[in-house]
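Notes for the one structure printed next.
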Amino acid sequence: MRAVSNVYGRMETLLITMPVTITDDRPDELVEALYKPLLSDLPPDRKYMLLALCNVSDKDNINSPYEDREGRVRRDIRIGSHNITLICTDLNALPSFCPFAARQRMSRWAQDAFIALENDASTILLKPVESMIDAADNRAEFFTADFLALAANMLIRPFGCRVQGGDVLVGDTYALIGRRTLAANRRSAHSCSPGEEQSIAEQFRRALGVQHLIPIGGSGGGGELHHIDYYLTPGGKNKRGEEVLFVGRVGKDCLFTADNETIRARAGQVRAQYNAYLDGVAESVRELSATPGAGVKFEVVRLPLILDYFRRGECVVRPYNNCLVEVYGTEKNAYLPCYAEDDGTGANIFGPVEQQTRSVLEQYGFCVTMVHDNFCNISRQGGSLRCMVKELGRSGAVQ
């Protein structure tokens, strides 16, 4: 049993969670309205599971070929070329320990609530025990694994550590993990000894089923992004057998800001903060690769990262790293979020940066598909494509 890779193998089963409760007898129309843009650019020949909540009174109005005694409604929906299995969980059928807030809506961030483990026979959801959550956690997000297990007959493996899926990236024999996640599991809120961090890391290594666990970044501070999948993307192996790792960087042409001298100056400072952190991450990975006996060798490749600083009154990071990647056989596919905003002439203001990003990935053999959804708005909420779509199973992994 090991964690589903985030790069190796063909994506077979993908999970999307619905942040609104189904309350009428036309779920097909609601799903199509919310998810047709997203699904249109994702591969159609995969299994998509869409997890939603429904009210018991409304559930009875949903025409369904399948309903079981545990309060689940399951139906197949076709959106364009995509076959979607919509699974609605009756709010009143949820476990009694699910708090009221979690019963009102499901988090749209399918990625973060748990880690998916798989073997040849089953998928198991690695989820922190309830005692590991605190007021800083999104409680609705925390219970996504419970909703999924109830709805799809999957098992939950309790884990004695706090974890966020966006802070873990799994290769073949290795996994990357944010030091923020390790720090969140320390006994003291103020300190974490090297020995304690090593012990926590070993718990994660065993739970993920990998040989090497590589901590990334700091434990919080200036320029650090909240999850490592915002600025890191594993890219398979190069011709030398090294693991390619795409690391984000805010180039000068990736900074978008207001036409105001004071704001431009502050934007430059924020860009420098981000890049100091990202450059440090890139250098630490290079140093690890040069260390005898490290176990994993990396080639670090920089990928554009958009910083939209107070151009519209807010600071927004728009990451291309937050993407879906699959490497299997001779196939290398990357599905990237498209950040599209009209510059007033009909052209996409972010178009040149998007083209740079595509070029970098194509140089490494990837077939790049831009996924068109309202990612400009979604990124304002602190997430992007990978945050919304979680791999539950892959096949044909190259080990």
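Labeling convention for the structure tokens: chains A, B, ... as they appear, residues from 1 per chain, ligands from 1 in order of appearance.
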Give me the residues of range 156-241 of chain A that have any atom at most 12 Å from an atom of range 116-121 of chain A; for each, the nearest atom pair and the distance in Å, rounded to one decimal. Use only C-alpha atoms, sort by chain and number, and format it as a Markdown table.
```
| residue | atom | partner | partner_atom | distance |
| --- | --- | --- | --- | --- |
| A:Ile156 | CA | A:Ala116 | CA | 9.6 |
| A:Arg157 | CA | A:Leu117 | CA | 9.3 |
| A:Val163 | CA | A:Ala116 | CA | 11.9 |
| A:Gln164 | CA | A:Ala116 | CA | 11.5 |
| A:Gly165 | CA | A:Ala116 | CA | 8.9 |
| A:Val168 | CA | A:Ala116 | CA | 11.1 |
| A:Leu169 | CA | A:Ala116 | CA | 11.6 |
| A:Val170 | CA | A:Ala116 | CA | 10.7 |
| A:Arg206 | CA | A:Leu117 | CA | 11.9 |
| A:Ala207 | CA | A:Leu117 | CA | 8.9 |
| A:Leu208 | CA | A:Leu117 | CA | 7.4 |
| A:Gly209 | CA | A:Leu117 | CA | 8.8 |
| A:Val210 | CA | A:Leu117 | CA | 11.4 |
```
Show me, as a PyMOL selection string, the residues that have an atom within 8 Å of Phe298 in chain A when counting only C-alpha atoms, minus same-chain residues fewer than 4 positions from it. chain A and resi 242-245+285-286+289
Please identify all polymer residues within 10 Å of Lys36 in chain A, counting only C-alpha atoms, omitting same-chain residues fewer than 6 positions from it, and present them as a list in words.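 Residues near the query, excluding close chain neighbours: Leu30, Ile79, Gly80, His82, His372 and Asp373 of chain A.
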Can you tell me which residues surround Asp28 in chain A at a distance of at most 9 Å, considering only C-alpha atoms, apart from same-chain residues fewer than 2 positions away, and format the answer as a PyMOL selection string? chain A and resi 25-26+30-33+77-79+86
Could you write out that same residue set with N, CA and C atoms as an mmCIF file, in the first residue's frame?
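part-v5.cif, written as the output of this step:
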```cif
data_model
loop_
_atom_site.group_PDB
_atom_site.id
_atom_site.type_symbol
_atom_site.label_atom_id
_atom_site.label_comp_id
_atom_site.auth_asym_id
_atom_site.auth_seq_id
_atom_site.Cartn_x
_atom_site.Cartn_y
_atom_site.Cartn_z
ATOM 1 N N ASP A 25 -34.486 18.917 -8.256
ATOM 2 C CA ASP A 25 -34.537 17.641 -8.972
ATOM 3 C C ASP A 25 -33.851 17.713 -10.327
ATOM 4 N N ARG A 26 -32.956 18.702 -10.519
ATOM 5 C CA ARG A 26 -32.241 18.841 -11.792
ATOM 6 C C ARG A 26 -30.728 18.889 -11.551
ATOM 7 N N LEU A 30 -27.304 21.504 -12.897
ATOM 8 C CA LEU A 30 -26.424 22.193 -11.953
ATOM 9 C C LEU A 30 -24.975 21.773 -12.164
ATOM 10 N N VAL A 31 -24.741 20.476 -12.309
ATOM 11 C CA VAL A 31 -23.381 19.974 -12.526
ATOM 12 C C VAL A 31 -22.802 20.528 -13.825
ATOM 13 N N GLU A 32 -23.597 20.518 -14.879
ATOM 14 C CA GLU A 32 -23.120 21.029 -16.158
ATOM 15 C C GLU A 32 -22.771 22.503 -16.065
ATOM 16 N N ALA A 33 -23.611 23.287 -15.383
ATOM 17 C CA ALA A 33 -23.355 24.721 -15.256
ATOM 18 C C ALA A 33 -22.063 24.998 -14.495
ATOM 19 N N ILE A 77 -23.979 10.865 -15.175
ATOM 20 C CA ILE A 77 -24.280 12.073 -15.932
ATOM 21 C C ILE A 77 -23.266 12.189 -17.057
ATOM 22 N N ARG A 78 -23.710 12.596 -18.198
ATOM 23 C CA ARG A 78 -22.789 12.833 -19.319
ATOM 24 C C ARG A 78 -22.726 14.324 -19.595
ATOM 25 N N ILE A 79 -21.524 14.857 -19.568
ATOM 26 C CA ILE A 79 -21.286 16.266 -19.886
ATOM 27 C C ILE A 79 -20.311 16.295 -21.054
ATOM 28 N N LEU A 86 -22.130 11.009 -10.340
ATOM 29 C CA LEU A 86 -22.526 11.952 -9.293
ATOM 30 C C LEU A 86 -22.981 11.157 -8.081
#
```
Range 133-331 of chain A: which residues are strand (DSSP E) by DSSP, as a count of residues only? 57
Give the alpha helix (DSSP H) residues of range 260-352 of chain A, as DSSP finds them on the backbone, and put them as a ChimeraX atom specification. /A:261-290,351-352
Just give me the gap between CA of Asn322 in chain A and CA of Val371 in chain A in Å, one decimal is fine.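 Atom-to-atom, CA of Asn322 in chain A to CA of Val371 in chain A, that is 11.6 Å.
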Neighbours of Pro234 in chain A within 7 Å (only C-alpha atoms; same-chain residues fewer than 2 positions away dropped), as an MDAnalysis selection string? chainID A and resid 7 171 232 236 244:246
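The closest residue to Gln203 in chain A, picked from A:Leu278, A:Leu385, A:Leu155, A:Leu182 and counting only C-alpha atoms, is A:Leu182.
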Please determine, counting only C-alpha atoms, which residue among A:Tyr174, A:Ile87, A:Arg180, A:Asp45 has the shortest atom-to-atom distance to Ile22 in chain A.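 Checking each candidate against Ile22 in chain A, we get A:Ile87 as the closest.
The residue that comes closest to Asp146 in chain A, out of A:Lys127, A:Arg179, A:Thr13, A:Asp259 and on the basis of only C-alpha atoms, is A:Lys127.
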Which is closer to Ile216 in chain A than all the others in A:Ala3, A:Leu150, A:Leu255, A:Val281, using only C-alpha atoms? A:Val281
Pick out the residues sitting within 8 Å of Ser379 in chain A, and hand them over as a VMD selection string; count only C-alpha atoms, and ignore anything fewer than 5 positions along from it in its own chain. chain A and resid 316 to 318 384
Which is closer to Phe142 in chain A than all the others in A:Tyr364, A:Phe256, A:Phe159, A:Phe114, using only C-alpha atoms? A:Phe114
For a quick check of understanding, using only C-alpha atoms, which of A:Leu15, A:Leu176, A:Leu125, A:Met370 has the smallest distance to Arg2 in chain A? A:Leu125
